[in-house]
There are 2 protein chains.
Amino acid sequence: MEARDRHLTRPAASVRDVAIRAGVSVGTVSNVLNKPDIVTPTTRSRVLAAIQELGFVRNDAARHLRRGRGRTLGLVVLDVANPFFTDVAKGVEYTTGRAGLAVIFCNSDGDLAKENAYLDLLEEQRVRGVLITPIDDASERLQRLRDHGVCVVMLDRTSTNADACSVSVDDHLGGQLAIRHLIENGHRRIAFVGGSALQQVRDRHRGAQQALVDAGLEPRSLQRVDTPTLTVAAGRDAAARILGLPRQARATAVFCANDLLALGVLQGLTRQRVRVPDDIALVGYDDIDFAAAAAVPLTSVRQPRQRLGQTAATLLLEEADKPEEHQHQQVVFDPELVVRESSLHRLP
Amino acid sequence: MEARDRHLTRPAASVRDVAIRAGVSVGTVSNVLNKPDIVTPTTRSRVLAAIQELGFVRNDAARHLRRGRGRTLGLVVLDVANPFFTDVAKGVEYTTGRAGLAVIFCNSDGDLAKENAYLDLLEEQRVRGVLITPIDDASERLQRLRDHGVCVVMLDRTSTNADACSVSVDDHLGGQLAIRHLIENGHRRIAFVGGSALQQVRDRHRGAQQALVDAGLEPRSLQRVDTPTLTVAAGRDAAARILGLPRQARATAVFCANDLLALGVLQGLTRQRVRVPDDIALVGYDDIDFAAAAAVPLTSVRQPRQRLGQTAATLLLEEADKPEEHQHQQVVFDPELVVRESSLHRLP
DNA sequence: AAGCGGTGATGAAACGATTCATCGACCTGA
DNA sequence: TCAGGTCGATGAATCGTTTCATCACCGCTT
């Protein structure tokens with residue numbers, strides 16, 4: 001029965017066990033753990049020795065129950081596979097790490113049901129707060145979360161709701177920068193590739209139209225190519241649709257709502273022997289690291305990704321730690337156009 | 001003081017409150033929550049109504065404390081920004097999601113201190129188990145975790161330790177596939193780019209040497225280019241060192257320990273006007289989605305990424321749920337060479 | 001009518017840490 | 001010598017849930 005033996009793990013040691021072993025009270029053990037300075041060095045070292053010997057590890061569930069607040073916070077993003085979000089997550093992790101908190105990383109995949117399920121789970125966990133790139137920031141579930149007193153900070157999304165902080169990048173401006181750049185290079189027939197479900201995408205689209213208006217052009221001349229998701233695969237598909245138009249009507253430049261789409265479009269065009277930027281210019285959004293390494297280095301609108309995560313986490317911790325003096329705020333960063341080869345062809 | 005009002009959130013409702021409101025005992029409320037079928041429909045609906053009205057949300061910390069096991073598991077990876085790991089994470093999430101578990105996603109960044117800090121945290125959380133791509137699978141901290149009865153499954157790493165499951169891909173074979181392919185294309189001077197700290201990289205390197213031996217070549221002819229990390233930036237740096245050699249001695253093909261390095265090398269070479277694959281052929285590892293979208297589509301060694309995550313999570317849940325009948329096992333998948341343009345030049 | 005089995009509800013104990021009012025020991029100054 | 005004060009240790013109460021032994025009640029049999 002030696003195979004069984006390995007599983008005969010006796011229950012983990014508790015503060016009580018440590019107390020007995022060290023010959024002190026449980027209160028003292030707790031003090032050694034939480035306010036070491038108020039306990040005599042002799043006693044302290046005796047307790048620490050007992051902890052060592054028993055291999056004691058504090059049970060966070062019990063601590064949490066008693067203290068009323070836990071050591072985790074939730075981060076809900078639209079797509080883990082998108083480097084934009086992993087960079088944001090790195091920023092979040094940087095900030096929470098120094099505060100000794102752990103992150104429960106959740107992937108809504110743009111699916112409201114999944115988002116709701118994760119919010120349920122996070123609320124049951126009594127997380128310190130939730131950082132979320134919501135599918136819909138007026139979602140009923142999200143409102144309920146706030147009503148229950150859970151701190152919520154919107155990520156990459158300006159809150160339309162006054163009772164939550166938000167940290168985002170000016171998507172309207174980002175859209176403008178991209179299109180202004182293309183107009184300056186002589187483009188007049190431009191396509192916009194992206195879905196219409198997300199606020200971010202809608203804002204980038206409006207910014208794009210604004211740039212057309214500013215240049216005295218017809219905003220409706222922006223050819224809209226709708227995609228179900230913002231992925232490389234959706235981009236390849238979009239390229240096919242763009243090429244479906246006769247050459248006369250076809251756009252000479254394409255602005256994509258994010259870099260994954262742009263990479264997909266680039267693949268799709270290349271596969272059909274359409275050259276970028278000579279035949280069609282291309283601009284992406286996010287400036288993920290892979291944009292620079294693409295087949296044709298991608299012009300893109302850069303967002304301060306890690307900064308976004310850090311700021312959001314900082315705001316959340318502030319709100320969670322002292323709610324009385326917290327004032328909700330909407331932080332908005334400015335994006336920046338990074339020009340690379342994919343848009344460098346000037347039309348005559 | 002209306003600004004203060006918003007924060008006067010009364011404490012969340014507990015089972016006790018629900019019980020009072022519904023005119024039943026706490027035990028009954030608990031039963032409605034956990035085994036709804038053993039309670040009379042009338043009572044049940046009364047309790048459910050009370051839950052609705054009070055907005056009751058179960059406190060998982062208390063549940064966890066009483067039941068002895070929680071609803072989370074830890075996932076520790078080397079680099080969140082590497083798409084390989086996010087794909088693995090997706091696989092993990094797929095499996096845990098159906099089991100109603102949440103994942104605490106931790107990023108060790110290849111730093112043993114960070115890894116240890118996260119393991120401490122996870123143990124205090126009393127997670128159901130830990131999935132980890134360890135920096136060193138013989139780490140003292142990791143061994144202690146196992147001794148304390150925490151289930152540990154190695155990810156992307158064959159366990160050298162018999163008392164843990166592992167799920168990995170045959171890196172030795174992967175290295176062989178890559179080099180065999182290059183040899184068949186006429187290459188004789190080949191460089192290997194990667195760090196030596198990780199087991200995975202060492203295995204790929206050994207596989208590469210094996211392929212040389214199999215072809216009757218001198219294994220030491222493999223030029224080793226060491227990098228501190230496996231990132232795009234490190235790859236760019238490696239390219240510079242490769243080009244530092246005189247053309248006669250310079251490798252005609254480069255095999256990188258992962259795709260991020262390969263993309264970096266590709267950028268570094270291109271920037272110096274060295275053509276891929278004409279001047280230097282390039283092979284990466286992992287076949288991340290961006291490999292196909294690279295400046296020159298990248299030949300790479302594919303690993304079943306999501307499958308890796310799913311399998312590891314399944315194994316972990318099995319072990320955690322019924323330890324008595326669990327037998328540790330080492331699952332090893334086979335990698336697959338995906339040939340693309342970056343290696344398509346045949347030397348005469 | 002008494003006995004019996006079965007169904008559902010009950011409520012106290014338990015999980016493991018923290019908190020806090022209390023107590024004891026020791027020191028100081030009168 | 002004693003009152004007063006300080007510092008450190010104590011241990012019972014507490015957090016919110018689950019569990020389980022117990023109980024009340026109802027219908028049915030004998």
# chains A, B, ... in the order shown; residues from 1 in each chain; ligands from 1
>>> closest_atom_pairs(of="chain A", to="chain B", cutoff="6 Å", atoms="only C-alpha atoms", output="Markdown table")
| residue | atom | partner | partner_atom | distance |
| --- | --- | --- | --- | --- |
| A:Arg58 | CA | B:Glu124 | CA | 5.6 |
| A:Asn59 | CA | B:Glu124 | CA | 5.3 |
| A:Asp60 | CA | B:Gln125 | CA | 5.2 |
| A:Ala61 | CA | B:Ala61 | CA | 4.9 |
| A:Ala62 | CA | B:Leu65 | CA | 5.9 |
| A:Leu65 | CA | B:Ala61 | CA | 5.7 |
| A:Ala81 | CA | B:Thr86 | CA | 5.7 |
| A:Thr86 | CA | B:Ala81 | CA | 5.7 |
| A:Ile104 | CA | B:Ile104 | CA | 4.5 |
| A:Phe105 | CA | B:Phe105 | CA | 5.7 |
| A:Glu124 | CA | B:Asp60 | CA | 5.2 |
| A:Gln125 | CA | B:Asp60 | CA | 5.2 |
| A:Ala293 | CA | B:Ala294 | CA | 6.0 |
| A:Ala294 | CA | B:Ala294 | CA | 4.4 |
| A:Ala295 | CA | B:Ala295 | CA | 2.7 |
| A:Val296 | CA | B:Ala295 | CA | 5.7 |
>>> interface_residues(of="chain A", to="chain D", cutoff="12 Å", atoms="only C-alpha atoms (C1' of nucleotides)", output="list in words")
Arg16, Ala19, Gly23, Val24, Ser25, Val26, Gly27, Thr28, Val29, Ser30, Asn31, Val32, Asp37, Ile38, Val39, Thr40, Pro41, Thr42, Thr43, Arg44, Ala61, Ala62, Arg63, His64, Leu65, Arg66, Arg67, Gly68 and Arg69 of chain A
>>> closest_atom_pairs(of="chain C", to="chain A", cutoff="7 Å", atoms="only C-alpha atoms (C1' of nucleotides)", output="JSON lines")
{"residue": "C:DG16", "atom": "C1'", "partner": "A:Ala62", "partner_atom": "CA", "distance": 5.2}
{"residue": "C:DA17", "atom": "C1'", "partner": "A:Arg63", "partner_atom": "CA", "distance": 4.7}
{"residue": "C:DT18", "atom": "C1'", "partner": "A:Arg66", "partner_atom": "CA", "distance": 6.2}
>>> calpha_fit_and_write(fixed="chain B", moving="chain A", output="CSV table (one decimal) with C-alpha atoms, in the first residue's frame")
chain,number,residue,atom,x,y,z
A,1,MET,CA,-22.6,64.7,2.5
A,2,GLU,CA,-24.1,63.0,-0.4
A,3,ALA,CA,-20.7,62.0,-1.7
A,4,ARG,CA,-20.3,60.1,1.5
A,5,ASP,CA,-23.6,58.3,1.2
A,6,ARG,CA,-22.5,56.2,-1.7
A,7,HIS,CA,-20.1,54.5,0.6
A,8,LEU,CA,-22.5,53.7,3.4
A,9,THR,CA,-22.9,50.2,2.0
A,10,ARG,CA,-24.4,48.0,4.7
A,11,PRO,CA,-22.7,44.7,5.1
A,12,ALA,CA,-23.6,42.1,2.6
A,13,ALA,CA,-26.5,39.8,3.5
A,14,SER,CA,-25.5,36.4,4.9
A,15,VAL,CA,-27.3,33.0,5.0
A,16,ARG,CA,-28.6,34.0,8.4
A,17,ASP,CA,-30.3,37.1,7.0
A,18,VAL,CA,-31.8,35.0,4.2
A,19,ALA,CA,-33.0,32.4,6.6
A,20,ILE,CA,-34.8,35.0,8.8
A,21,ARG,CA,-36.4,36.7,5.8
A,22,ALA,CA,-37.6,33.4,4.4
A,23,GLY,CA,-38.7,32.2,7.8
A,24,VAL,CA,-36.5,29.0,7.7
A,25,SER,CA,-33.3,27.9,9.3
A,26,VAL,CA,-29.8,28.5,8.0
A,27,GLY,CA,-29.4,24.9,7.3
A,28,THR,CA,-32.2,25.0,4.9
A,29,VAL,CA,-30.8,28.0,3.1
A,30,SER,CA,-27.5,26.1,2.7
A,31,ASN,CA,-29.4,23.1,1.4
A,32,VAL,CA,-31.2,25.2,-1.2
A,33,LEU,CA,-27.8,26.4,-2.3
A,34,ASN,CA,-26.0,23.1,-2.4
A,35,LYS,CA,-28.6,20.3,-2.8
A,36,PRO,CA,-31.7,22.0,-4.0
A,37,ASP,CA,-33.4,18.7,-4.7
A,38,ILE,CA,-33.7,17.6,-1.1
A,39,VAL,CA,-35.8,20.6,-0.1
A,40,THR,CA,-39.5,21.1,-0.8
A,41,PRO,CA,-40.4,23.2,-3.8
A,42,THR,CA,-42.4,25.6,-1.7
A,43,THR,CA,-39.7,26.2,0.8
A,44,ARG,CA,-37.1,26.4,-2.0
A,45,SER,CA,-38.9,29.1,-3.9
A,46,ARG,CA,-39.4,31.0,-0.7
A,47,VAL,CA,-35.7,30.9,0.0
A,48,LEU,CA,-34.9,31.8,-3.5
A,49,ALA,CA,-37.2,34.8,-3.3
A,50,ALA,CA,-35.4,36.0,-0.1
A,51,ILE,CA,-32.1,35.6,-1.8
A,52,GLN,CA,-33.3,37.7,-4.7
A,53,GLU,CA,-34.7,40.4,-2.5
A,54,LEU,CA,-31.6,40.7,-0.3
A,55,GLY,CA,-29.2,40.4,-3.2
A,56,PHE,CA,-27.5,37.6,-1.3
A,57,VAL,CA,-24.2,36.4,-2.7
A,58,ARG,CA,-22.5,33.5,-1.1
A,59,ASN,CA,-19.2,34.2,0.7
A,60,ASP,CA,-16.7,31.8,-0.8
A,61,ALA,CA,-14.1,32.4,1.9
A,62,ALA,CA,-16.5,31.0,4.5
A,63,ARG,CA,-17.5,28.1,2.3
A,64,HIS,CA,-13.9,27.4,1.5
A,65,LEU,CA,-12.9,27.4,5.2
A,66,ARG,CA,-15.6,25.0,6.1
A,67,ARG,CA,-15.3,22.6,3.2
A,68,GLY,CA,-11.6,22.6,3.2
A,69,ARG,CA,-11.1,23.2,-0.5
A,70,GLY,CA,-11.4,26.2,-2.6
A,71,ARG,CA,-12.5,26.9,-6.1
A,72,THR,CA,-9.3,28.3,-7.6
A,73,LEU,CA,-6.2,26.9,-9.0
A,74,GLY,CA,-2.9,28.5,-9.8
A,75,LEU,CA,-1.2,28.8,-13.2
A,76,VAL,CA,2.4,30.0,-13.1
A,77,VAL,CA,4.0,30.7,-16.5
A,78,LEU,CA,7.4,32.1,-17.6
A,79,ASP,CA,6.1,35.0,-19.6
A,80,VAL,CA,2.5,36.3,-20.1
A,81,ALA,CA,3.5,38.3,-23.1
A,82,ASN,CA,4.5,35.2,-25.0
A,83,PRO,CA,1.5,34.0,-27.1
A,84,PHE,CA,2.6,30.4,-26.5
A,85,PHE,CA,1.6,30.7,-22.9
A,86,THR,CA,-1.6,32.6,-23.5
A,87,ASP,CA,-2.7,29.9,-25.8
A,88,VAL,CA,-1.8,27.3,-23.1
A,89,ALA,CA,-3.7,29.4,-20.6
A,90,LYS,CA,-6.8,29.4,-22.9
A,91,GLY,CA,-6.7,25.6,-22.9
A,92,VAL,CA,-6.5,25.6,-19.1
A,93,GLU,CA,-9.3,28.1,-18.8
A,94,TYR,CA,-11.5,26.0,-21.1
A,95,THR,CA,-11.2,23.0,-18.8
A,96,THR,CA,-11.4,24.8,-15.5
A,97,GLY,CA,-14.4,26.9,-16.7
A,98,ARG,CA,-16.5,23.8,-17.2
A,99,ALA,CA,-15.6,22.7,-13.7
A,100,GLY,CA,-16.6,26.1,-12.2
A,101,LEU,CA,-13.1,26.9,-11.1
A,102,ALA,CA,-11.2,30.2,-11.5
A,103,VAL,CA,-7.6,30.5,-12.5
A,104,ILE,CA,-5.1,32.7,-10.6
A,105,PHE,CA,-2.7,33.6,-13.4
A,106,CYS,CA,0.8,34.2,-12.3
A,107,ASN,CA,3.8,35.4,-14.2
A,108,SER,CA,7.1,34.4,-12.9
A,109,ASP,CA,9.1,36.2,-15.6
A,110,GLY,CA,11.7,33.6,-15.3
A,111,ASP,CA,12.6,35.0,-11.9
A,112,LEU,CA,13.0,32.4,-9.1
A,113,ALA,CA,12.2,35.0,-6.4
A,114,LYS,CA,8.9,35.9,-8.2
A,115,GLU,CA,8.1,32.3,-8.7
A,116,ASN,CA,8.6,31.6,-5.0
A,117,ALA,CA,6.6,34.6,-4.0
A,118,TYR,CA,3.7,33.4,-6.1
A,119,LEU,CA,3.9,29.9,-4.8
A,120,ASP,CA,3.7,31.2,-1.2
A,121,LEU,CA,0.6,33.2,-2.2
A,122,LEU,CA,-1.0,30.2,-3.9
A,123,GLU,CA,-0.3,27.9,-1.0
A,124,GLU,CA,-1.9,30.4,1.4
A,125,GLN,CA,-4.9,30.6,-0.9
A,126,ARG,CA,-5.1,26.8,-0.5
A,127,VAL,CA,-5.6,26.4,-4.2
A,128,ARG,CA,-6.9,23.1,-5.6
A,129,GLY,CA,-3.6,22.7,-7.3
A,130,VAL,CA,-0.8,24.4,-9.2
A,131,LEU,CA,0.0,24.2,-12.9
A,132,ILE,CA,3.5,25.5,-13.5
A,133,THR,CA,6.2,25.9,-16.0
A,134,PRO,CA,8.9,25.9,-13.4
A,135,ILE,CA,12.2,27.6,-13.8
A,136,ASP,CA,13.8,24.7,-12.1
A,137,ASP,CA,11.7,21.6,-11.4
A,138,ALA,CA,13.9,20.6,-8.5
A,139,SER,CA,13.4,23.9,-6.7
A,140,GLU,CA,13.2,23.6,-3.0
A,141,ARG,CA,10.1,25.6,-2.8
A,142,LEU,CA,8.3,23.4,-5.3
A,143,GLN,CA,9.3,20.3,-3.4
A,144,ARG,CA,7.9,21.8,-0.2
A,145,LEU,CA,4.7,22.5,-2.0
A,146,ARG,CA,4.4,18.9,-2.9
A,147,ASP,CA,5.3,17.8,0.6
A,148,HIS,CA,2.5,19.9,1.9
A,149,GLY,CA,0.1,17.9,-0.2
A,150,VAL,CA,-0.6,20.5,-2.9
A,151,CYS,CA,-1.2,18.9,-6.3
A,152,VAL,CA,1.4,20.1,-8.8
A,153,VAL,CA,1.4,19.5,-12.6
A,154,MET,CA,4.4,20.5,-14.7
A,155,LEU,CA,3.5,22.3,-17.8
A,156,ASP,CA,5.7,22.2,-21.0
A,157,ARG,CA,8.3,20.4,-18.9
A,158,THR,CA,8.8,16.7,-18.4
A,159,SER,CA,9.0,16.0,-14.7
A,160,THR,CA,12.3,14.6,-13.6
A,161,ASN,CA,10.5,13.9,-10.4
A,162,ALA,CA,8.3,10.9,-10.1
A,163,ASP,CA,5.9,12.5,-7.7
A,164,ALA,CA,4.2,14.8,-10.0
A,165,CYS,CA,2.3,14.7,-13.3
A,166,SER,CA,3.7,16.5,-16.3
A,167,VAL,CA,2.4,17.4,-19.7
A,168,SER,CA,4.9,18.4,-22.3
A,169,VAL,CA,6.0,18.2,-25.9
A,170,ASP,CA,9.0,16.2,-27.0
A,171,ASP,CA,11.5,19.0,-27.3
A,172,HIS,CA,14.4,16.7,-28.3
A,173,LEU,CA,12.4,15.6,-31.3
A,174,GLY,CA,11.4,19.2,-32.1
A,175,GLY,CA,15.0,20.2,-32.2
A,176,GLN,CA,15.8,17.2,-34.5
A,177,LEU,CA,13.0,18.1,-36.9
A,178,ALA,CA,14.2,21.6,-37.3
A,179,ILE,CA,17.8,20.8,-37.9
A,180,ARG,CA,17.1,17.8,-40.1
A,181,HIS,CA,15.0,20.1,-42.3
A,182,LEU,CA,17.9,22.6,-42.6
A,183,ILE,CA,20.4,19.9,-43.3
A,184,GLU,CA,18.2,18.5,-46.1
A,185,ASN,CA,18.2,22.0,-47.6
A,186,GLY,CA,22.0,21.9,-47.7
A,187,HIS,CA,22.9,23.8,-44.7
A,188,ARG,CA,26.1,22.8,-42.8
A,189,ARG,CA,26.9,25.9,-40.7
A,190,ILE,CA,24.0,26.3,-38.4
A,191,ALA,CA,23.5,28.6,-35.4
A,192,PHE,CA,21.4,27.8,-32.3
A,193,VAL,CA,19.9,30.9,-30.6
A,194,GLY,CA,18.6,30.5,-27.0
A,195,GLY,CA,19.4,30.7,-23.4
A,196,SER,CA,20.7,27.7,-21.5
A,197,ALA,CA,18.8,28.1,-18.3
A,198,LEU,CA,15.7,26.3,-19.3
A,199,GLN,CA,15.3,22.6,-19.6
A,200,GLN,CA,13.2,23.1,-22.7
A,201,VAL,CA,15.9,25.0,-24.5
A,202,ARG,CA,18.5,22.5,-23.5
A,203,ASP,CA,16.4,19.7,-24.9
A,204,ARG,CA,15.9,21.5,-28.2
A,205,HIS,CA,19.6,22.1,-28.4
A,206,ARG,CA,20.4,18.4,-27.7
A,207,GLY,CA,17.9,17.4,-30.3
A,208,ALA,CA,19.5,19.7,-32.8
A,209,GLN,CA,22.9,18.2,-32.1
A,210,GLN,CA,21.4,14.7,-32.5
A,211,ALA,CA,20.2,15.6,-35.9
A,212,LEU,CA,23.7,16.6,-36.9
A,213,VAL,CA,25.1,13.3,-35.6
A,214,ASP,CA,22.4,11.4,-37.5
A,215,ALA,CA,23.5,13.1,-40.7
A,216,GLY,CA,27.2,12.2,-40.0
A,217,LEU,CA,28.1,15.8,-39.1
A,218,GLU,CA,30.0,17.1,-36.2
A,219,PRO,CA,27.6,18.2,-33.4
A,220,ARG,CA,30.0,20.8,-32.2
A,221,SER,CA,29.6,22.6,-35.5
A,222,LEU,CA,26.4,24.0,-34.1
A,223,GLN,CA,27.2,27.6,-33.3
A,224,ARG,CA,25.7,28.5,-30.0
A,225,VAL,CA,24.4,32.0,-29.5
A,226,ASP,CA,23.3,32.5,-25.9
A,227,THR,CA,20.6,34.9,-25.0
A,228,PRO,CA,19.6,36.1,-21.5
A,229,THR,CA,15.9,35.8,-22.3
A,230,LEU,CA,13.6,34.4,-25.0
A,231,THR,CA,12.2,37.7,-26.2
A,232,VAL,CA,12.1,39.7,-29.4
A,233,ALA,CA,14.6,42.1,-28.1
A,234,ALA,CA,17.0,39.3,-27.2
A,235,GLY,CA,16.6,38.0,-30.8
A,236,ARG,CA,17.5,41.4,-32.3
A,237,ASP,CA,20.6,41.3,-30.2
A,238,ALA,CA,21.5,37.8,-31.2
A,239,ALA,CA,21.2,38.8,-34.9
A,240,ALA,CA,23.9,41.4,-34.4
A,241,ARG,CA,26.2,38.8,-32.9
A,242,ILE,CA,25.6,36.4,-35.7
A,243,LEU,CA,26.5,39.1,-38.2
A,244,GLY,CA,29.6,39.9,-36.2
A,245,LEU,CA,31.3,36.9,-37.7
A,246,PRO,CA,33.2,37.1,-41.0
A,247,ARG,CA,31.0,35.9,-43.9
A,248,GLN,CA,33.0,32.7,-44.3
A,249,ALA,CA,32.5,31.5,-40.7
A,250,ARG,CA,29.0,32.9,-40.5
A,251,ALA,CA,26.0,30.4,-40.2
A,252,THR,CA,23.8,30.0,-43.3
A,253,ALA,CA,20.9,29.0,-41.1
A,254,VAL,CA,19.6,29.9,-37.7
A,255,PHE,CA,17.4,27.8,-35.4
A,256,CYS,CA,15.8,29.8,-32.6
A,257,ALA,CA,14.6,28.3,-29.3
A,258,ASN,CA,11.3,30.1,-29.7
A,259,ASP,CA,9.4,32.2,-32.2
A,260,LEU,CA,9.9,35.5,-30.3
A,261,LEU,CA,13.6,35.1,-30.7
A,262,ALA,CA,13.1,34.2,-34.3
A,263,LEU,CA,11.1,37.3,-35.0
A,264,GLY,CA,13.8,39.4,-33.3
A,265,VAL,CA,16.5,37.7,-35.3
A,266,LEU,CA,14.5,38.3,-38.5
A,267,GLN,CA,14.2,42.0,-37.7
A,268,GLY,CA,17.8,42.3,-36.8
A,269,LEU,CA,18.9,40.6,-40.1
A,270,THR,CA,16.5,42.6,-42.2
A,271,ARG,CA,17.7,45.8,-40.7
A,272,GLN,CA,21.2,44.9,-41.8
A,273,ARG,CA,20.0,44.1,-45.3
A,274,VAL,CA,20.6,40.4,-44.9
A,275,ARG,CA,17.9,38.5,-46.7
A,276,VAL,CA,15.9,35.7,-45.3
A,277,PRO,CA,15.9,33.0,-46.5
A,278,ASP,CA,18.3,33.8,-49.4
A,279,ASP,CA,21.3,34.8,-47.2
A,280,ILE,CA,20.3,33.1,-44.0
A,281,ALA,CA,17.5,30.6,-43.4
A,282,LEU,CA,15.5,30.8,-40.2
A,283,VAL,CA,13.5,28.3,-38.1
A,284,GLY,CA,11.6,29.2,-35.0
A,285,TYR,CA,9.8,27.2,-32.3
A,286,ASP,CA,6.2,27.2,-31.0
A,287,ASP,CA,4.4,28.3,-34.2
A,288,ILE,CA,2.6,31.1,-32.5
A,289,ASP,CA,0.0,32.7,-34.7
A,290,PHE,CA,2.3,35.6,-35.5
A,291,ALA,CA,4.9,33.3,-37.0
A,292,ALA,CA,2.8,33.0,-40.1
A,293,ALA,CA,2.2,36.7,-40.3
A,294,ALA,CA,5.9,37.7,-40.0
A,295,ALA,CA,7.8,39.8,-42.4
A,296,VAL,CA,9.0,36.5,-43.9
A,297,PRO,CA,6.5,33.8,-42.9
A,298,LEU,CA,8.4,31.7,-40.4
A,299,THR,CA,9.1,28.0,-40.5
A,300,SER,CA,8.5,26.8,-37.0
A,301,VAL,CA,8.0,23.7,-34.8
A,302,ARG,CA,4.4,23.5,-33.8
A,303,GLN,CA,3.3,22.5,-30.4
A,304,PRO,CA,-0.4,21.6,-29.5
A,305,ARG,CA,-0.7,24.6,-27.2
A,306,GLN,CA,-4.3,24.6,-26.1
A,307,ARG,CA,-4.2,20.9,-25.9
A,308,LEU,CA,-1.3,21.1,-23.5
A,309,GLY,CA,-3.2,23.4,-21.2
A,310,GLN,CA,-6.4,21.3,-21.4
A,311,THR,CA,-4.6,18.1,-20.6
A,312,ALA,CA,-2.7,19.6,-17.8
A,313,ALA,CA,-5.8,21.0,-16.2
A,314,THR,CA,-7.6,17.7,-16.6
A,315,LEU,CA,-4.8,15.8,-14.9
A,316,LEU,CA,-4.7,18.3,-12.1
A,317,LEU,CA,-8.5,18.1,-11.5
A,318,GLU,CA,-8.3,14.3,-11.5
A,319,GLU,CA,-5.5,14.3,-9.0
A,320,ALA,CA,-7.2,16.9,-6.8
A,321,ASP,CA,-10.6,15.2,-6.8
A,322,LYS,CA,-9.6,11.7,-6.1
A,323,PRO,CA,-6.1,11.4,-5.0
A,324,GLU,CA,-6.5,7.7,-3.9
A,325,GLU,CA,-6.9,6.4,-7.4
A,326,HIS,CA,-4.6,8.8,-9.1
A,327,GLN,CA,-1.4,7.6,-10.7
A,328,HIS,CA,1.1,10.2,-11.7
A,329,GLN,CA,1.8,10.2,-15.4
A,330,GLN,CA,4.0,12.0,-17.9
A,331,VAL,CA,2.1,13.0,-21.0
A,332,VAL,CA,4.4,13.8,-23.9
A,333,PHE,CA,3.0,15.2,-27.2
A,334,ASP,CA,4.8,15.1,-30.5
A,335,PRO,CA,5.7,18.4,-32.2
A,336,GLU,CA,5.3,19.0,-35.9
A,337,LEU,CA,7.4,21.0,-38.3
A,338,VAL,CA,5.6,23.7,-40.2
A,339,VAL,CA,7.6,24.7,-43.2
A,340,ARG,CA,7.1,28.3,-44.5
A,341,GLU,CA,9.1,30.7,-46.6
A,342,SER,CA,11.8,31.5,-44.0
A,343,SER,CA,13.7,28.3,-44.6
A,344,LEU,CA,12.7,27.7,-48.3
A,345,HIS,CA,16.0,28.5,-49.9
A,346,ARG,CA,18.1,25.5,-50.9
A,347,LEU,CA,21.8,25.8,-50.8
A,348,PRO,CA,23.5,24.5,-53.9
>>> select_by_dssp(residues="region 229-347 of chain A", states="alpha helix (DSSP H)", output="ChimeraX atom specification")
/A:232-244,259-271,289-292,305-321
